[in-house]
Amino acid sequence: MLAEGALIEITAAERIADYKLNVSFSDGVRRLIDFEPFLRSNTNPLIRLYLEAERFASFRVEDGDLVWDDYGLCFPIADLYEGGL
């Protein structure tokens, strides 16, 4: 669990499988996160666009955050750190 007030950033992310990313944090913690359940259960058509393999694979780490496009998809660091969405 992320301690309250902790300043954690994402330092790297690597695609492991279709919608699974291995995410590394500035404190050395690594999490394997499966984004597929979130993407498939979401009814927002703008989020469902990321079910397209090429679009999902276009993620980047920017300023300590994991983002897609022009922040079309991003998640709170605390949620990713705790392994959930």
# chains A, B, ... in the order shown; residues from 1 in each chain; ligands from 1
>>> closest_atom_pairs(of="segment 51-76 of chain A", to="segment 12-26 of chain A", cutoff="10 Å", atoms="only C-alpha atoms", output="Markdown table")
| residue | atom | partner | partner_atom | distance |
| --- | --- | --- | --- | --- |
| A:Leu51 | CA | A:Tyr19 | CA | 8.2 |
| A:Glu52 | CA | A:Asp18 | CA | 9.8 |
| A:Ala53 | CA | A:Asp18 | CA | 6.9 |
| A:Glu54 | CA | A:Asp18 | CA | 9.7 |
| A:Phe56 | CA | A:Tyr19 | CA | 7.2 |
| A:Ala57 | CA | A:Arg15 | CA | 7.3 |
| A:Ser58 | CA | A:Arg15 | CA | 10.0 |
| A:Phe59 | CA | A:Ala13 | CA | 8.5 |
| A:Arg60 | CA | A:Ala13 | CA | 7.5 |
| A:Val61 | CA | A:Ala12 | CA | 6.4 |
| A:Glu62 | CA | A:Ala12 | CA | 9.6 |
| A:Gly64 | CA | A:Ala12 | CA | 8.6 |
| A:Asp65 | CA | A:Ala12 | CA | 9.3 |
| A:Leu66 | CA | A:Ala13 | CA | 7.7 |
>>> select_by_dssp(residues="chain A", states="strand (DSSP E or B)", output="MDAnalysis selection string")
chainID A and resid 10:17 20:25 30:34 60:62 65:68 73:74
>>> write_last_selection(atoms="C-alpha atoms", output="short mmCIF file (atom, residue, chain, number, x, y, z; two decimals), in the first residue's frame")
data_model
loop_
_atom_site.label_atom_id
_atom_site.label_comp_id
_atom_site.auth_asym_id
_atom_site.auth_seq_id
_atom_site.Cartn_x
_atom_site.Cartn_y
_atom_site.Cartn_z
CA ILE A 10 6.44 5.77 -12.74
CA THR A 11 9.92 5.29 -14.13
CA ALA A 12 9.24 2.71 -16.86
CA ALA A 13 6.55 0.58 -18.44
CA GLU A 14 6.98 -2.46 -20.65
CA ARG A 15 4.27 -4.26 -22.58
CA ILE A 16 4.28 -7.95 -21.61
CA ALA A 17 1.15 -9.14 -23.43
CA LYS A 20 -0.57 -6.26 -19.68
CA LEU A 21 2.16 -3.84 -18.70
CA ASN A 22 5.03 -4.31 -16.28
CA VAL A 23 5.17 -0.92 -14.53
CA SER A 24 8.21 0.23 -12.50
CA PHE A 25 8.00 2.88 -9.80
CA ARG A 30 7.24 -3.30 -10.01
CA ARG A 31 3.69 -4.33 -10.81
CA LEU A 32 2.24 -6.42 -13.61
CA ILE A 33 -1.04 -4.69 -14.46
CA ASP A 34 -3.73 -6.17 -16.69
CA ARG A 60 4.49 6.35 -22.82
CA VAL A 61 5.86 7.48 -19.47
CA GLU A 62 5.72 11.27 -19.27
CA ASP A 65 2.79 9.28 -15.35
CA LEU A 66 1.69 6.51 -17.68
CA VAL A 67 -0.29 8.09 -20.53
CA TRP A 68 -1.73 7.40 -23.95
CA LEU A 73 -6.12 7.59 -21.17
CA CYS A 74 -4.25 7.84 -17.88
#
>>> closest_residue(among="A:Gly84, A:Ala78, A:Ser41, A:Phe35", to="Leu7 of chain A", atoms="only C-alpha atoms")
A:Ala78
>>> closest_residue(among="A:Tyr71, A:Arg48, A:Tyr81, A:Phe38", to="Glu9 of chain A", atoms="only C-alpha atoms")
A:Tyr81
>>> select_by_dssp(residues="chain A", states="alpha helix (DSSP H)", output="MDAnalysis selection string")
chainID A and resid 36:41 45:48 53:56 77:81
>>> write_last_selection(atoms="all heavy atoms", output="compact mmCIF listing (two decimals), in the first residue's frame")
# COMPACT_ATOMS: atom_id res chain seq x y z
N GLU A 36 -6.93 -5.10 -19.45
CA GLU A 36 -8.03 -5.63 -20.26
C GLU A 36 -9.38 -5.61 -19.54
O GLU A 36 -10.38 -5.16 -20.14
CB GLU A 36 -7.72 -7.03 -20.77
CG GLU A 36 -8.76 -7.53 -21.74
CD GLU A 36 -8.35 -8.81 -22.43
OE1 GLU A 36 -7.38 -9.47 -22.01
OE2 GLU A 36 -9.03 -9.16 -23.41
N PRO A 37 -9.49 -6.07 -18.30
CA PRO A 37 -10.82 -6.04 -17.66
C PRO A 37 -11.40 -4.62 -17.59
O PRO A 37 -12.59 -4.42 -17.84
CB PRO A 37 -10.56 -6.61 -16.26
CG PRO A 37 -9.34 -7.45 -16.42
CD PRO A 37 -8.50 -6.74 -17.45
N PHE A 38 -10.56 -3.64 -17.29
CA PHE A 38 -11.03 -2.26 -17.25
C PHE A 38 -11.51 -1.80 -18.62
O PHE A 38 -12.59 -1.22 -18.75
CB PHE A 38 -9.91 -1.33 -16.75
CG PHE A 38 -10.23 0.12 -16.91
CD1 PHE A 38 -11.04 0.76 -16.00
CD2 PHE A 38 -9.75 0.84 -18.00
CE1 PHE A 38 -11.37 2.12 -16.16
CE2 PHE A 38 -10.06 2.18 -18.17
CZ PHE A 38 -10.88 2.82 -17.25
N LEU A 39 -10.71 -2.06 -19.65
CA LEU A 39 -11.06 -1.61 -20.99
C LEU A 39 -12.32 -2.29 -21.50
O LEU A 39 -13.18 -1.65 -22.11
CB LEU A 39 -9.90 -1.86 -21.95
CG LEU A 39 -8.62 -1.06 -21.68
CD1 LEU A 39 -7.50 -1.54 -22.59
CD2 LEU A 39 -8.86 0.43 -21.86
N ARG A 40 -12.46 -3.59 -21.27
CA ARG A 40 -13.62 -4.33 -21.78
C ARG A 40 -14.91 -4.00 -21.03
O ARG A 40 -15.99 -4.02 -21.62
CB ARG A 40 -13.36 -5.83 -21.73
CG ARG A 40 -12.28 -6.26 -22.69
CD ARG A 40 -12.53 -7.62 -23.29
NE ARG A 40 -11.43 -7.99 -24.16
CZ ARG A 40 -11.36 -7.67 -25.45
NH1 ARG A 40 -12.32 -6.96 -25.99
NH2 ARG A 40 -10.33 -8.04 -26.18
N SER A 41 -14.80 -3.69 -19.76
CA SER A 41 -16.02 -3.41 -18.99
C SER A 41 -16.47 -1.95 -19.09
O SER A 41 -17.59 -1.63 -18.72
CB SER A 41 -15.80 -3.77 -17.51
OG SER A 41 -14.85 -2.90 -16.94
N PRO A 45 -17.06 5.05 -25.15
CA PRO A 45 -16.45 4.70 -26.44
C PRO A 45 -15.05 5.28 -26.62
O PRO A 45 -14.24 4.69 -27.34
CB PRO A 45 -17.42 5.28 -27.47
CG PRO A 45 -18.27 6.25 -26.74
CD PRO A 45 -18.28 5.84 -25.30
N LEU A 46 -14.73 6.38 -25.95
CA LEU A 46 -13.39 6.94 -26.05
C LEU A 46 -12.36 6.08 -25.33
O LEU A 46 -11.20 6.00 -25.75
CB LEU A 46 -13.36 8.38 -25.52
CG LEU A 46 -14.23 9.37 -26.29
CD1 LEU A 46 -14.21 10.74 -25.62
CD2 LEU A 46 -13.78 9.47 -27.74
N ILE A 47 -12.77 5.42 -24.28
CA ILE A 47 -11.87 4.50 -23.57
C ILE A 47 -11.79 3.18 -24.31
O ILE A 47 -10.72 2.59 -24.45
CB ILE A 47 -12.32 4.31 -22.11
CG1 ILE A 47 -12.07 5.63 -21.35
CG2 ILE A 47 -11.59 3.15 -21.45
CD1 ILE A 47 -12.54 5.65 -19.93
N ARG A 48 -12.89 2.72 -24.85
CA ARG A 48 -12.90 1.45 -25.59
C ARG A 48 -12.03 1.49 -26.83
O ARG A 48 -11.60 0.45 -27.33
CB ARG A 48 -14.32 1.03 -25.92
CG ARG A 48 -15.11 0.65 -24.65
CD ARG A 48 -16.46 0.07 -24.95
NE ARG A 48 -16.39 -1.15 -25.73
CZ ARG A 48 -16.18 -2.37 -25.25
NH1 ARG A 48 -15.97 -2.55 -23.96
NH2 ARG A 48 -16.18 -3.41 -26.05
N ALA A 53 -5.23 -2.83 -30.54
CA ALA A 53 -3.89 -3.21 -30.08
C ALA A 53 -2.85 -2.12 -30.32
O ALA A 53 -2.04 -1.83 -29.44
CB ALA A 53 -3.46 -4.51 -30.75
N GLU A 54 -2.85 -1.52 -31.49
CA GLU A 54 -1.85 -0.49 -31.79
C GLU A 54 -2.03 0.73 -30.91
O GLU A 54 -1.06 1.34 -30.47
CB GLU A 54 -1.91 -0.09 -33.26
CG GLU A 54 -1.32 -1.12 -34.19
CD GLU A 54 -1.29 -0.65 -35.64
OE1 GLU A 54 -1.19 0.57 -35.87
OE2 GLU A 54 -1.38 -1.51 -36.52
N ARG A 55 -3.27 1.11 -30.67
CA ARG A 55 -3.52 2.29 -29.82
C ARG A 55 -3.09 2.00 -28.39
O ARG A 55 -2.47 2.84 -27.74
CB ARG A 55 -4.99 2.68 -29.87
CG ARG A 55 -5.25 3.94 -29.05
CD ARG A 55 -6.58 4.51 -29.34
NE ARG A 55 -6.49 5.14 -30.66
CZ ARG A 55 -7.32 6.03 -31.10
NH1 ARG A 55 -8.32 6.41 -30.36
NH2 ARG A 55 -7.19 6.55 -32.29
N PHE A 56 -3.42 0.81 -27.87
CA PHE A 56 -3.00 0.49 -26.50
C PHE A 56 -1.48 0.48 -26.40
O PHE A 56 -0.91 0.96 -25.43
CB PHE A 56 -3.57 -0.85 -26.04
CG PHE A 56 -3.17 -1.16 -24.62
CD1 PHE A 56 -3.84 -0.58 -23.57
CD2 PHE A 56 -2.09 -1.99 -24.35
CE1 PHE A 56 -3.46 -0.82 -22.25
CE2 PHE A 56 -1.70 -2.25 -23.05
CZ PHE A 56 -2.39 -1.66 -21.99
N ILE A 77 -1.59 7.31 -10.17
CA ILE A 77 -0.41 6.51 -9.83
C ILE A 77 -0.70 5.59 -8.65
O ILE A 77 -0.28 4.44 -8.64
CB ILE A 77 0.81 7.41 -9.56
CG1 ILE A 77 1.24 8.06 -10.88
CG2 ILE A 77 1.96 6.63 -8.94
CD1 ILE A 77 2.36 9.07 -10.73
N ALA A 78 -1.44 6.08 -7.66
CA ALA A 78 -1.73 5.25 -6.48
C ALA A 78 -2.47 3.98 -6.88
O ALA A 78 -2.19 2.90 -6.34
CB ALA A 78 -2.53 6.05 -5.46
N ASP A 79 -3.41 4.08 -7.81
CA ASP A 79 -4.16 2.89 -8.24
C ASP A 79 -3.24 1.89 -8.93
O ASP A 79 -3.31 0.69 -8.68
CB ASP A 79 -5.28 3.27 -9.20
CG ASP A 79 -6.41 4.02 -8.50
OD1 ASP A 79 -6.44 4.07 -7.25
OD2 ASP A 79 -7.27 4.56 -9.21
N LEU A 80 -2.37 2.39 -9.81
CA LEU A 80 -1.42 1.50 -10.49
C LEU A 80 -0.45 0.88 -9.50
O LEU A 80 -0.13 -0.30 -9.58
CB LEU A 80 -0.67 2.28 -11.57
CG LEU A 80 -1.53 2.84 -12.72
CD1 LEU A 80 -0.68 3.67 -13.65
CD2 LEU A 80 -2.24 1.73 -13.46
N TYR A 81 0.02 1.67 -8.55
CA TYR A 81 0.96 1.19 -7.55
C TYR A 81 0.35 0.04 -6.74
O TYR A 81 1.03 -0.93 -6.41
CB TYR A 81 1.35 2.34 -6.62
CG TYR A 81 2.48 2.01 -5.67
CD1 TYR A 81 3.80 2.21 -6.04
CD2 TYR A 81 2.22 1.51 -4.40
CE1 TYR A 81 4.84 1.92 -5.17
CE2 TYR A 81 3.26 1.21 -3.53
CZ TYR A 81 4.56 1.42 -3.91
OH TYR A 81 5.59 1.12 -3.06
>>> closest_residue(among="A:Ile8, A:Asp69, A:Asp63, A:Leu49", to="Glu82 of chain A", atoms="only C-alpha atoms")
A:Ile8
